[in-house]
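**Student:** Pasting start-v7.csv below, which is CSV, C-alpha atoms and all ligand atoms.
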chain,number,residue,atom,x,y,z
A,16,MET,CA,0.0,0.0,0.0
A,17,ALA,CA,1.3,3.5,-0.8
A,18,GLU,CA,2.4,5.6,2.1
A,19,PRO,CA,0.0,8.6,2.5
A,20,ALA,CA,1.4,12.0,1.7
A,21,THR,CA,3.1,13.5,4.8
A,22,THR,CA,4.2,16.8,6.3
A,23,ALA,CA,7.6,16.8,7.9
A,24,GLY,CA,7.9,15.3,11.4
A,25,PRO,CA,10.4,13.4,13.6
A,26,ILE,CA,12.3,10.5,11.9
A,27,VAL,CA,13.0,8.8,15.2
A,28,LYS,CA,10.8,8.0,18.2
A,29,TRP,CA,12.4,9.8,21.0
A,30,VAL,CA,11.9,9.6,24.8
A,31,GLY,CA,10.5,13.0,25.9
A,32,GLY,CA,9.4,13.7,22.3
A,33,LYS,CA,7.2,16.8,22.3
A,34,THR,CA,4.6,15.9,19.6
A,35,ASN,CA,1.8,15.9,22.2
A,36,LEU,CA,2.8,19.3,23.5
A,37,LEU,CA,3.0,21.0,20.1
A,38,PRO,CA,-0.2,23.1,20.2
A,39,ALA,CA,0.8,24.6,23.5
A,40,LEU,CA,4.4,25.2,22.3
A,41,LEU,CA,3.3,26.7,19.0
A,42,ALA,CA,0.9,29.1,20.8
A,43,ARG,CA,3.9,30.4,22.8
A,44,ALA,CA,6.4,30.7,19.9
A,45,PRO,CA,7.2,34.3,18.9
A,46,ALA,CA,5.6,35.6,15.7
A,47,LYS,CA,8.9,37.0,14.4
A,48,TYR,CA,12.4,35.9,15.1
A,49,GLY,CA,15.8,35.5,13.4
A,50,ARG,CA,17.1,32.0,13.7
A,51,TYR,CA,15.4,29.1,15.5
A,52,PHE,CA,17.7,27.1,18.0
A,53,GLU,CA,16.9,23.8,19.5
A,54,PRO,CA,20.0,22.8,21.5
A,55,PHE,CA,18.4,19.6,23.0
A,56,ALA,CA,16.9,18.5,19.7
A,57,GLY,CA,16.1,14.8,20.2
A,58,GLY,CA,13.3,14.1,17.7
A,59,ALA,CA,13.1,17.8,17.1
A,60,ALA,CA,9.2,17.8,17.0
A,61,LEU,CA,8.9,21.5,17.4
A,62,PHE,CA,11.5,22.3,14.7
A,63,PHE,CA,9.4,20.2,12.2
A,64,ALA,CA,6.2,21.8,13.3
A,65,ILE,CA,7.5,25.4,13.0
A,66,ALA,CA,9.5,24.8,9.8
A,67,PRO,CA,11.7,27.8,10.5
A,68,GLU,CA,13.6,29.6,7.6
A,69,ARG,CA,16.9,29.2,9.4
A,70,ALA,CA,17.6,26.8,12.3
A,71,VAL,CA,20.4,25.4,14.4
A,72,LEU,CA,19.8,21.9,15.9
A,73,GLY,CA,22.1,20.5,18.5
A,74,ASP,CA,22.2,17.4,20.7
A,75,ILE,CA,24.8,15.7,22.8
A,76,ASN,CA,24.0,12.4,21.0
A,77,ARG,CA,26.5,12.4,18.2
A,78,ASP,CA,24.9,9.4,16.4
A,79,LEU,CA,21.6,11.2,16.3
A,80,ILE,CA,23.2,14.3,14.8
A,81,ALA,CA,25.2,12.2,12.3
A,82,THR,CA,21.9,10.6,11.2
A,83,TYR,CA,20.3,14.0,10.6
A,84,ALA,CA,23.4,15.1,8.6
A,85,ALA,CA,23.2,12.0,6.5
A,86,VAL,CA,19.5,12.6,5.8
A,87,LYS,CA,20.2,16.2,5.0
A,88,ALA,CA,22.9,15.3,2.5
A,89,ASP,CA,20.8,12.7,0.7
A,90,PRO,CA,17.9,10.6,2.1
A,91,GLU,CA,17.9,8.0,-0.8
A,92,PRO,CA,21.0,5.9,0.3
A,93,VAL,CA,19.6,5.9,3.8
A,94,ILE,CA,16.1,4.7,2.6
A,95,THR,CA,17.7,2.0,0.5
A,96,ARG,CA,19.6,0.6,3.5
A,97,LEU,CA,16.6,1.0,5.8
A,98,ARG,CA,14.4,-1.0,3.4
A,99,ARG,CA,16.9,-3.8,3.6
A,100,HIS,CA,16.7,-3.7,7.4
A,101,ALA,CA,12.9,-3.7,7.2
A,102,ASP,CA,13.0,-6.8,4.9
A,103,ALA,CA,15.3,-8.6,7.3
A,104,HIS,CA,13.5,-7.4,10.4
A,105,SER,CA,13.5,-10.0,13.3
A,106,ALA,CA,14.9,-10.3,16.8
A,107,GLU,CA,17.9,-12.1,15.4
A,108,HIS,CA,18.5,-9.3,12.8
A,109,TYR,CA,18.1,-6.6,15.4
A,110,TYR,CA,20.6,-8.1,17.8
A,111,ARG,CA,23.1,-8.7,15.0
A,112,VAL,CA,22.8,-5.0,13.8
A,113,ARG,CA,23.1,-3.9,17.4
A,114,ASP,CA,26.3,-5.8,18.0
A,115,ARG,CA,27.8,-4.6,14.7
A,116,TRP,CA,26.8,-1.1,15.3
A,117,ASN,CA,28.4,-1.0,18.7
A,118,THR,CA,31.7,-2.4,17.5
A,119,GLY,CA,32.0,-1.2,13.9
A,120,ARG,CA,29.9,1.9,13.0
A,121,ALA,CA,33.0,4.2,13.0
A,122,THR,CA,34.1,2.5,9.8
A,123,TRP,CA,30.7,2.5,8.1
A,124,SER,CA,29.5,4.9,5.4
A,125,ARG,CA,27.4,7.8,6.7
A,126,PRO,CA,24.1,6.4,5.2
A,127,ALA,CA,24.8,2.9,6.5
A,128,ALA,CA,25.4,4.2,10.1
A,129,ALA,CA,22.3,6.5,9.7
A,130,ALA,CA,20.0,3.6,8.5
A,131,ALA,CA,21.2,1.4,11.3
A,132,PHE,CA,20.5,4.1,13.8
A,133,VAL,CA,17.0,4.6,12.6
A,134,TYR,CA,16.5,0.8,12.4
A,135,LEU,CA,17.7,0.3,16.0
A,136,ASN,CA,15.5,3.2,17.1
A,137,LYS,CA,12.4,1.8,15.4
A,138,ALA,CA,12.9,-1.8,16.2
A,139,GLY,CA,14.2,-1.4,19.7
A,140,PHE,CA,12.1,-1.2,22.8
A,141,ASN,CA,10.1,2.0,23.1
A,142,GLY,CA,12.4,4.2,21.1
A,143,LEU,CA,14.9,4.3,23.9
A,144,PHE,CA,18.5,5.3,23.4
A,145,ARG,CA,20.3,3.8,26.3
A,146,VAL,CA,24.0,3.0,26.6
A,147,ASN,CA,25.8,1.1,29.3
A,148,ARG,CA,28.8,2.2,31.3
A,149,HIS,CA,31.1,1.4,28.3
A,150,GLY,CA,29.0,3.5,26.0
A,151,LEU,CA,27.5,0.4,24.3
A,152,PHE,CA,23.9,0.7,23.0
A,153,ASN,CA,22.0,-1.9,25.0
A,154,VAL,CA,18.2,-1.5,24.3
A,155,PRO,CA,16.4,-4.9,23.9
A,156,PHE,CA,14.3,-5.8,20.8
A,157,GLY,CA,10.9,-4.1,20.8
A,158,ARG,CA,8.6,-6.4,18.9
A,159,ASN,CA,7.5,-3.5,16.7
A,160,ALA,CA,5.8,-4.0,13.3
A,161,LYS,CA,7.9,-4.3,10.2
A,162,THR,CA,5.8,-1.6,8.6
A,163,SER,CA,6.8,1.0,11.2
A,164,ILE,CA,10.5,0.8,10.2
A,165,CYS,CA,11.0,2.4,6.8
A,166,LYS,CA,9.0,5.6,6.0
A,167,PRO,CA,10.5,7.0,2.8
A,168,LEU,CA,8.2,10.0,2.7
A,169,VAL,CA,9.0,11.0,6.3
A,170,LEU,CA,12.7,10.8,5.5
A,171,ARG,CA,12.3,12.8,2.3
A,172,ALA,CA,10.2,15.5,4.1
A,173,ALA,CA,12.9,15.7,6.8
A,174,HIS,CA,15.5,16.1,4.1
A,175,ALA,CA,13.6,19.1,2.7
A,176,ALA,CA,13.2,20.6,6.2
A,177,PHE,CA,16.9,20.1,7.0
A,178,ALA,CA,17.9,22.2,4.0
A,179,ASN,CA,17.5,25.3,6.3
A,180,ALA,CA,19.2,23.7,9.3
A,181,ALA,CA,22.8,23.6,10.7
A,182,PHE,CA,23.7,20.8,13.1
A,183,ARG,CA,25.9,20.8,16.2
A,184,ALA,CA,26.8,17.6,18.0
A,185,GLY,CA,27.7,18.4,21.6
A,186,ASP,CA,26.7,20.3,24.7
A,187,TYR,CA,23.9,22.8,24.5
A,188,ARG,CA,26.1,25.6,25.8
A,189,THR,CA,28.3,25.4,22.7
A,190,THR,CA,25.2,25.4,20.4
A,191,LEU,CA,23.9,28.5,22.2
A,192,ASP,CA,27.1,30.5,21.9
A,193,ASP,CA,25.9,31.6,18.5
A,194,ALA,CA,22.4,32.7,19.6
A,195,GLU,CA,21.9,36.5,19.0
A,196,ARG,CA,19.3,39.2,19.8
A,197,ASP,CA,15.9,38.3,18.3
A,198,ASP,CA,16.7,34.6,17.8
A,199,PHE,CA,14.3,32.1,19.3
A,200,VAL,CA,15.6,29.3,21.5
A,201,TYR,CA,13.4,26.3,22.5
A,202,ILE,CA,15.0,24.4,25.4
A,203,ASP,CA,13.7,20.9,26.1
A,204,SER,CA,16.4,19.6,28.3
A,205,PRO,CA,16.2,16.2,30.2
A,206,HIS,CA,13.5,16.8,32.8
A,207,VAL,CA,13.7,17.2,36.5
A,208,PRO,CA,12.3,14.0,38.2
A,209,ARG,CA,8.7,14.4,39.0
A,210,SER,CA,8.8,12.5,42.3
A,211,LYS,CA,11.4,11.9,45.0
A,212,THR,CA,11.8,8.2,43.9
A,213,ALA,CA,12.3,8.9,40.2
A,214,ASN,CA,15.8,9.4,39.1
A,215,PHE,CA,17.3,12.2,37.0
A,216,THR,CA,17.3,11.0,33.4
A,217,ALA,CA,20.5,9.6,31.8
A,218,TYR,CA,20.1,9.9,28.0
A,219,SER,CA,23.7,9.5,27.1
A,220,ALA,CA,26.7,8.5,29.1
A,221,ASP,CA,26.3,11.9,30.8
A,222,SER,CA,23.4,12.6,33.1
A,223,PHE,CA,21.6,15.8,33.7
A,224,GLY,CA,21.4,16.4,37.5
A,225,ALA,CA,20.2,19.2,39.8
A,226,ASP,CA,23.4,21.3,39.2
A,227,ALA,CA,23.0,20.9,35.5
A,228,GLN,CA,19.4,22.2,35.8
A,229,ARG,CA,20.6,25.2,37.8
A,230,GLU,CA,23.3,26.0,35.3
A,231,LEU,CA,20.7,25.7,32.5
A,232,ALA,CA,18.4,28.2,34.2
A,233,ASP,CA,21.4,30.7,34.4
A,234,VAL,CA,22.1,30.2,30.7
A,235,ALA,CA,18.4,30.9,30.0
A,236,ARG,CA,18.6,34.1,32.0
A,237,GLN,CA,21.7,35.2,30.1
A,238,LEU,CA,20.0,34.5,26.8
A,239,VAL,CA,17.0,36.7,27.7
A,240,ARG,CA,19.4,39.4,28.8
A,241,ARG,CA,21.1,39.2,25.4
A,242,GLY,CA,17.7,39.8,23.7
A,243,VAL,CA,17.0,36.2,22.8
A,244,GLN,CA,13.4,34.9,23.1
A,245,VAL,CA,13.4,31.7,25.1
A,246,VAL,CA,10.8,29.0,25.6
A,247,LEU,CA,11.5,26.0,27.9
A,248,SER,CA,9.6,22.9,28.9
A,249,ASN,CA,10.3,20.9,32.0
A,250,ALA,CA,8.4,18.9,34.7
A,251,ASP,CA,6.1,21.0,36.8
A,252,THR,CA,7.8,20.7,40.2
A,253,PRO,CA,8.5,23.3,42.9
A,254,PHE,CA,12.3,23.0,42.1
A,255,VAL,CA,11.7,24.0,38.5
A,256,ARG,CA,9.3,26.8,39.4
A,257,ASP,CA,11.9,28.2,41.8
A,258,LEU,CA,14.7,28.0,39.2
A,259,TYR,CA,12.7,30.1,36.7
A,260,LYS,CA,11.3,32.7,39.1
A,261,GLY,CA,10.6,35.9,37.1
A,262,PHE,CA,9.8,34.0,33.9
A,263,ALA,CA,6.2,33.6,32.7
A,264,MET,CA,5.1,30.0,33.3
A,265,ASP,CA,2.0,27.8,32.6
A,266,ARG,CA,1.2,24.3,33.5
A,267,VAL,CA,0.0,22.2,30.5
A,268,SER,CA,-1.3,18.7,30.6
A,269,CYS,CA,0.1,16.3,28.0
A,270,ARG,CA,0.0,12.6,27.2
A,271,ARG,CA,3.2,10.8,27.9
A,272,ALA,CA,3.5,8.1,25.3
A,273,ILE,CA,6.9,6.6,26.0
A,274,ASN,CA,7.6,5.2,29.4
A,275,SER,CA,9.1,1.8,29.9
A,276,ASP,CA,6.7,1.4,32.9
A,277,THR,CA,3.3,1.2,31.3
A,278,THR,CA,1.6,2.2,34.6
A,279,LYS,CA,3.3,5.5,34.3
A,280,ARG,CA,1.9,6.3,30.9
A,281,GLY,CA,-1.0,8.8,30.7
A,282,ASP,CA,-1.4,12.5,31.4
A,283,VAL,CA,1.4,14.4,33.0
A,284,ASP,CA,1.7,18.0,33.8
A,285,GLU,CA,4.4,19.9,32.0
A,286,LEU,CA,5.6,23.4,32.7
A,287,ILE,CA,6.1,25.8,29.8
A,288,ILE,CA,8.4,28.6,30.7
A,289,VAL,CA,8.7,31.8,28.6
A,290,GLY,CA,11.4,34.4,28.8
A,291,LYS,CA,10.8,37.5,26.6
A,292,PRO,CA,13.5,40.1,26.5
A,293,GLY,CA,12.3,43.4,28.0
A,294,SER,CA,9.0,42.0,29.2
A,295,ARG,CA,7.9,43.2,32.7
A,296,ARG,CA,8.0,39.8,34.2
A,297,SER,CA,11.5,38.9,33.2
A,298,THR,CA,12.9,42.4,34.1
A,299,ASP,CA,11.1,42.2,37.5
A,300,ASP,CA,13.5,39.4,38.3
A,301,ALA,CA,16.4,40.8,40.3
A,302,TYR,CA,18.7,38.4,38.6
A,303,LEU,CA,18.1,40.1,35.2
A,304,ARG,CA,18.7,43.7,36.3
B,1,LIG,C1,13.7,15.7,26.4
B,1,LIG,S1,14.8,15.2,25.1
B,1,LIG,C2,14.4,16.3,23.8
B,1,LIG,C3,13.1,15.8,23.1
B,1,LIG,C4,12.7,16.7,21.9
B,1,LIG,N1,12.2,17.9,22.2
B,1,LIG,C5,11.8,15.9,21.0
B,1,LIG,O1,10.8,16.5,20.5
B,1,LIG,O2,12.0,14.7,20.7
B,1,LIG,C6,16.4,15.8,25.7
B,1,LIG,C7,17.6,15.7,24.7
B,1,LIG,O3,18.7,16.3,25.3
B,1,LIG,C8,19.9,15.7,24.9
B,1,LIG,N2,20.9,16.1,25.9
B,1,LIG,C9,21.1,15.6,27.1
B,1,LIG,N3,22.1,16.3,27.7
B,1,LIG,C10,22.5,17.3,26.8
B,1,LIG,C11,23.5,18.3,26.8
B,1,LIG,N4,24.2,18.6,27.9
B,1,LIG,N5,23.6,19.1,25.7
B,1,LIG,C12,22.8,18.9,24.6
B,1,LIG,N6,21.9,17.9,24.5
B,1,LIG,C13,21.7,17.1,25.6
B,1,LIG,C14,19.5,14.2,24.9
B,1,LIG,O4,20.3,13.4,24.1
B,1,LIG,C15,18.0,14.3,24.4
B,1,LIG,O5,18.0,14.0,23.0
What would you get if you wrote out this structure as structure tokens?
Ligand SMILES: C[S@@+](CC[C@H](N)C(=O)[O-])C[C@H]1O[C@@H](n2cnc3c(N)ncnc32)[C@H](O)[C@@H]1O
**Tutor:**
Amino acid sequence: MAEPATTAGPIVKWVGGKTNLLPALLARAPAKYGRYFEPFAGGAALFFAIAPERAVLGDINRDLIATYAAVKADPEPVITRLRRHADAHSAEHYYRVRDRWNTGRATWSRPAAAAAFVYLNKAGFNGLFRVNRHGLFNVPFGRNAKTSICKPLVLRAAHAAFANAAFRAGDYRTTLDDAERDDFVYIDSPHVPRSKTANFTAYSADSFGADAQRELADVARQLVRRGVQVVLSNADTPFVRDLYKGFAMDRVSCRRAINSDTTKRGDVDELIIVGKPGSRRSTDDAYLR
């Protein structure tokens, strides 16, 4: 059956993906801005929804950014290889690709590494990207349908959207060094844990703990001071509300699709935080004066 026509959207399933929060985020995006920055891009759901004229996408996950670069360069060799993975799809194939990817991807062609990354993401459990202490990708097989693996139209639409995007593999602070007055930055960092028993998320070998959250809030304030328009999303907890005192904030309910514990799926409250340069609320904050 032919794939239905599609508008651009994420090419990977990503933990913390923001597809469900899009209407609330779009409503808070500035009407006019210079470049769009997404320094914790992940699946980059808001980038695809906004379709900015100029964008900078960054993530600490180098394999994700290398995949985006391969799709930007040419989606066809990625699609050809992903089709082969879809045809061979089985638990056995998944574990073979996972082993080879862990040990040999540095020597692979760019489209081969990108196709394997998308395959492991689509065929692995819940779209997780999890590595062990040694940096080896260790997500188990996900029992996903073969048809969900290769989506040529989605990859081609992403290729078109990426024509206006530059990529940065690395820490968000480096990506944001370039942000200037009137640019728009959307910050969707790993979230603060919602309960005392939940752990701070570890996406990559590096985790994003309480000190990292404090530093991020400082960076957000500096951006607003520099005239950059900032929107952030995080868990709605007293810690986050305190970190962003002086910013405008609203609680928004959104469905959480990906959680390895199915009892924890369902609606969760998310805090959307907005820092507008020169707005009363942000200049009221003593930190900004
Ligand atoms: C909540 S997810 C972003 C989800 C994204 N908004 C979406 O729509 O899929 C957070 C992302 O931050 C990345 N990350 C974690 N620490 C980072 C850091 N220090 N600098 C840049 N990216 C980081 C993770 O690899 C992950 O992709």
**Student:** Taking 2 positions as the minimum chain separation for residues in the same chain, which residues sit within 6 Å of range 73-79 of chain A when counting only C-alpha atoms? Answer as a list in words.
**Tutor:**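 Final neighbour list, sorted by chain and number: Pro54, Phe55, Ala56, Ala81, Thr82, Phe182, Arg183, Ala184, Gly185 and Asp186 of chain A.
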**Student:** For a cutoff of 12 Å around the file-coordinate point (14.4, -7.7, 6.7), which residues qualify once you count only C-alpha atoms? I'd like the result as a PDB file with C-alpha atoms, in the frame of the given file.
**Tutor:**
ATOM      1  CA  THR A  95      17.700   2.000   0.500  1.00  0.00           C
ATOM      2  CA  ARG A  96      19.600   0.600   3.500  1.00  0.00           C
ATOM      3  CA  LEU A  97      16.600   1.000   5.800  1.00  0.00           C
ATOM      4  CA  ARG A  98      14.400  -1.000   3.400  1.00  0.00           C
ATOM      5  CA  ARG A  99      16.900  -3.800   3.600  1.00  0.00           C
ATOM      6  CA  HIS A 100      16.700  -3.700   7.400  1.00  0.00           C
ATOM      7  CA  ALA A 101      12.900  -3.700   7.200  1.00  0.00           C
ATOM      8  CA  ASP A 102      13.000  -6.800   4.900  1.00  0.00           C
ATOM      9  CA  ALA A 103      15.300  -8.600   7.300  1.00  0.00           C
ATOM     10  CA  HIS A 104      13.500  -7.400  10.400  1.00  0.00           C
ATOM     11  CA  SER A 105      13.500 -10.000  13.300  1.00  0.00           C
ATOM     12  CA  ALA A 106      14.900 -10.300  16.800  1.00  0.00           C
ATOM     13  CA  GLU A 107      17.900 -12.100  15.400  1.00  0.00           C
ATOM     14  CA  HIS A 108      18.500  -9.300  12.800  1.00  0.00           C
ATOM     15  CA  TYR A 109      18.100  -6.600  15.400  1.00  0.00           C
ATOM     16  CA  VAL A 112      22.800  -5.000  13.800  1.00  0.00           C
ATOM     17  CA  TYR A 134      16.500   0.800  12.400  1.00  0.00           C
ATOM     18  CA  ALA A 138      12.900  -1.800  16.200  1.00  0.00           C
ATOM     19  CA  ALA A 160       5.800  -4.000  13.300  1.00  0.00           C
ATOM     20  CA  LYS A 161       7.900  -4.300  10.200  1.00  0.00           C
ATOM     21  CA  THR A 162       5.800  -1.600   8.600  1.00  0.00           C
ATOM     22  CA  ILE A 164      10.500   0.800  10.200  1.00  0.00           C
ATOM     23  CA  CYS A 165      11.000   2.400   6.800  1.00  0.00           C
TER      24      CYS A 165
END
**Student:** Determine the nearest neighbour of ligand LIG 1 (chain B) from the options A:Thr118, A:Thr34, A:Gln228, A:Ser163, counting only C-alpha atoms and all ligand atoms.
**Tutor:**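 Closest to ligand LIG 1 (chain B) of all the choices is A:Thr34.
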**Student:** Counting all atoms listed in the file, which residues have an atom no more than 8 Å from (12.6, 18.5, 37.2) in the file's coordinates? Please list them as a list in words.
**Tutor:**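 Selection result: His206, Val207, Pro208, Arg209, Phe215, Gln228, Asn249, Ala250, Asp251, Thr252, Phe254 and Val255 of chain A.
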**Student:** Choose the residue, out of A:Gly224, A:Gly242, A:Gly139, A:Pro25, that has the smallest atom-to-atom separation from Glu195 in chain A; count only C-alpha atoms.
**Tutor:** A:Gly242
